[in-house]
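A quick write-up on the structure given underneath.
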Amino acid sequence: MRLKMEEINFDERGLVPAVVQDAKTGEVLTLAYMNAESLRRTLEEGETWFWSRSRSELWHKGKTSGNTQRVVDVRLDCDADALVVLVEPNGPACHTGARSCFPQEFEGAHRAGGEAGGKIEREAGDFAVVLERLYQVVESRRREMPEGSYTTYLFEQGLDKILKKVGEESAETIIAAKNGDAEALAAELSDLVYHLIVLMVERGLALGDVSVELARRAGKRSR
C-alpha cells in the first residue's frame with residue numbers, strides 16, 4: 001500500500017469514494033467515502049476507516065459490530081478520484097447483516113448462498129423475471145439513494161459516470177468472450193446488464209420500451 005495522499009483528487013467536500021472488495025473472491029462488499037484522515041488511518045492501522053456523510057464523523061468499520069475489514073491493498077483508479085480497497089472481511093459488510101451492501105440480484109447471490117441466492121437459482125430459467133426484479137431494485141435505489149450503495153454512487157456521479165461504466169463493462173465482456181471462458185463471460189454479461197439497467201433508469205426508459213422495440217424488430221424479420 002504505497003498510496004500517496006497527494007496523488008488523490010478529493011472532491012470539493014474533501015472526500016473520495018472507496019469501493020470495498022473481498023480480496024479473495026473479488027466480490028464488491030460496499031461503497032463508502034473516505035477523507036484524508038480516514039484514509040490515513042486505514043493505511044496506518046490496516047483496517048478500514050470511513051467518513052460518514054450523514055453523521056459528519058469518522059467511523060471505524062466493525063468497531064461496535066466486530067465486523068472489521070483487514071486491508072490487503074488500496075488502489076487508485078486512472079482518474080485518481082476513486083479508490084478500490086481490497087480487504088479480508090471479518091463478518092458482513094452491510095448494516096442489514098448481509099455479506100454485501102449490493103442487491104443479491106446482481107452481486108452473485110448464487111455464490112453468497114442463503115434464501116436470496118436460492119430464489120435467484122429457482123428463477124434463473126425466467127430471464128424476464130430476473131430482469132424485472134433487478135430493474136425494481138435499481139429504481140428503488142434511485143428513489144431512496146441509500147448511503148453505502150454502489151447504485152447510489154452511480155446515480156450521484158451522473159450520466160457520464162454511468163456511460164463510462166457501460167463502456168468499461170462492454171470491453172470486459174468482449175475480452176471474456178475472446179478468452180473462451182463461459183463462466184467469466186456470464187459474469188461480465190451480468191455486470192453489463194446491470195449497468196445497462198442503471199442507464200435505463202437514469203434516462204427514464206422502462207423495460208417495456210425495449211421489449212416493444214425488440215418485438216417490432218422480430219415482426220419485421222418474420223415478414
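Chain labels A, B, ... are given in the sequence in which chains occur in the C-alpha cells; within each chain residues are numbered consecutively from 1, and ligands are likewise numbered from 1 in the order shown.
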Checklist entry - Near A:Leu189, within 10 Å and counting only C-alpha atoms, which residues show up once chain neighbours fewer than 3 positions away are dropped, as a VMD selection string? => result chain A and resid 169 to 170 172 to 174 176 to 177 183 to 186 192 to 195
Selection above as a file: N, CA and C atoms, as a short mmCIF file (atom, residue, chain, number, x, y, z; two decimals), in the first residue's frame:
data_model
loop_
_atom_site.label_atom_id
_atom_site.label_comp_id
_atom_site.auth_asym_id
_atom_site.auth_seq_id
_atom_site.Cartn_x
_atom_site.Cartn_y
_atom_site.Cartn_z
N GLU A 169 -17.64 -2.10 -19.00
CA GLU A 169 -18.19 -3.46 -18.91
C GLU A 169 -18.34 -4.08 -20.30
N SER A 170 -18.63 -3.27 -21.30
CA SER A 170 -18.70 -3.79 -22.68
C SER A 170 -17.34 -4.33 -23.11
N GLU A 172 -14.91 -5.39 -21.14
CA GLU A 172 -14.58 -6.58 -20.36
C GLU A 172 -15.38 -7.79 -20.86
N THR A 173 -16.59 -7.56 -21.35
CA THR A 173 -17.38 -8.64 -21.92
C THR A 173 -16.72 -9.17 -23.20
N ILE A 174 -16.23 -8.26 -24.01
CA ILE A 174 -15.54 -8.66 -25.24
C ILE A 174 -14.31 -9.50 -24.92
N ALA A 176 -13.72 -11.30 -22.20
CA ALA A 176 -14.14 -12.60 -21.69
C ALA A 176 -14.59 -13.52 -22.82
N ALA A 177 -15.29 -12.96 -23.79
CA ALA A 177 -15.75 -13.76 -24.93
C ALA A 177 -14.56 -14.27 -25.75
N GLU A 183 -17.90 -19.18 -17.88
CA GLU A 183 -18.28 -18.64 -16.56
C GLU A 183 -17.91 -17.17 -16.46
N ALA A 184 -16.71 -16.82 -16.92
CA ALA A 184 -16.28 -15.42 -16.89
C ALA A 184 -17.15 -14.57 -17.79
N LEU A 185 -17.54 -15.12 -18.94
CA LEU A 185 -18.40 -14.37 -19.86
C LEU A 185 -19.76 -14.11 -19.23
N ALA A 186 -20.32 -15.11 -18.56
CA ALA A 186 -21.61 -14.93 -17.89
C ALA A 186 -21.51 -13.84 -16.82
N LEU A 192 -22.61 -6.12 -17.23
CA LEU A 192 -23.03 -5.23 -18.31
C LEU A 192 -24.53 -4.98 -18.26
N VAL A 193 -25.31 -6.05 -18.07
CA VAL A 193 -26.77 -5.91 -17.99
C VAL A 193 -27.16 -5.01 -16.83
N TYR A 194 -26.51 -5.20 -15.67
CA TYR A 194 -26.80 -4.35 -14.52
C TYR A 194 -26.56 -2.88 -14.84
N HIS A 195 -25.41 -2.57 -15.42
CA HIS A 195 -25.10 -1.17 -15.73
C HIS A 195 -26.01 -0.60 -16.82
#
Next on the checklist: Can you pull out the residues contacting stretch 80-85 of chain A? Cut-off 8 Å, using only C-alpha atoms, and skip same-chain residues under 4 positions away; I want them as a PyMOL selection string.
Outcome noted: chain A and resi 7-11+16-21+71-76
Item to check | Contacts of A:Ala23 within 7 Å, only C-alpha atoms, excl. fewer than 2 positions in-chain, as a PyMOL selection string | outcome: chain A and resi 21+25-26+72+86-88
Next on the checklist: Run DSSP on the backbone and tell me which residues of stretch 4-217 of chain A come out as strand (DSSP E); list them as a PyMOL selection string.
Outcome noted: chain A and resi 16-22+28-34+49-52+57-60+69-76+83-89
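Atom CA of A:His60 is found 16.0 Å from atom CA of A:Leu15.
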Do a neighbour search on A:Arg41 at 12 Å with only C-alpha atoms, toss out local chain neighbours closer than 6 positions, and write the hits as a compact mmCIF listing (two decimals) with N, CA and C atoms, in the first residue's frame.
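Saved to out_10.txt:
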# COMPACT_ATOMS: atom_id res chain seq x y z
N MET A 5 -0.98 10.46 -0.42
CA MET A 5 -2.15 11.32 -0.27
C MET A 5 -2.22 12.38 -1.36
N MET A 34 -14.16 8.20 1.94
CA MET A 34 -13.03 8.50 2.82
C MET A 34 -12.61 9.95 2.65
N ASN A 35 -12.17 10.54 3.76
CA ASN A 35 -11.46 11.81 3.67
C ASN A 35 -9.99 11.52 3.96
N GLU A 47 -6.95 -1.50 8.87
CA GLU A 47 -8.39 -1.79 8.89
C GLU A 47 -9.12 -0.58 8.33
N THR A 48 -10.31 -0.81 7.77
CA THR A 48 -10.99 0.29 7.08
C THR A 48 -11.60 1.31 8.04
N TRP A 49 -11.34 2.56 7.70
CA TRP A 49 -11.96 3.72 8.32
C TRP A 49 -12.64 4.53 7.22
N PHE A 50 -13.80 5.10 7.52
CA PHE A 50 -14.54 5.86 6.52
C PHE A 50 -15.02 7.18 7.12
N TRP A 51 -15.59 8.01 6.25
CA TRP A 51 -16.23 9.25 6.68
C TRP A 51 -17.72 9.11 6.44
N LEU A 58 -15.88 10.49 11.53
CA LEU A 58 -15.13 9.29 11.16
C LEU A 58 -15.77 8.06 11.78
N TRP A 59 -15.69 6.93 11.08
CA TRP A 59 -16.13 5.68 11.70
C TRP A 59 -15.23 4.53 11.28
N HIS A 60 -14.93 3.72 12.27
CA HIS A 60 -14.07 2.55 12.10
C HIS A 60 -14.98 1.35 11.84
N LYS A 61 -14.93 0.79 10.65
CA LYS A 61 -15.79 -0.33 10.31
C LYS A 61 -15.57 -1.48 11.28
N VAL A 71 -7.30 -4.75 5.77
CA VAL A 71 -6.94 -4.21 4.46
C VAL A 71 -5.75 -4.95 3.88
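Among the candidates A:Arg40, A:Arg53, A:Lys4, A:Arg216, the one nearest to A:Pro146 when counting only C-alpha atoms is A:Arg53.
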Next on the checklist: So that I can see what lies close to A:Val210, please list as a ChimeraX atom specification the residues with an atom at most 12 Å from it, counting only C-alpha atoms and leaving out residues fewer than 3 positions away in the same chain.
Outcome noted: /A:128,131,196-197,200,204-207,213-217
Next on the checklist: Need the shell around A:Tyr153: protein/DNA/RNA residues with any atom at most 9 Å away, counting only C-alpha atoms. Skip same-chain ones fewer than 4 positions apart. Format as a ChimeraX atom specification?
Outcome noted: /A:17,31-32,145,147-149,157-158
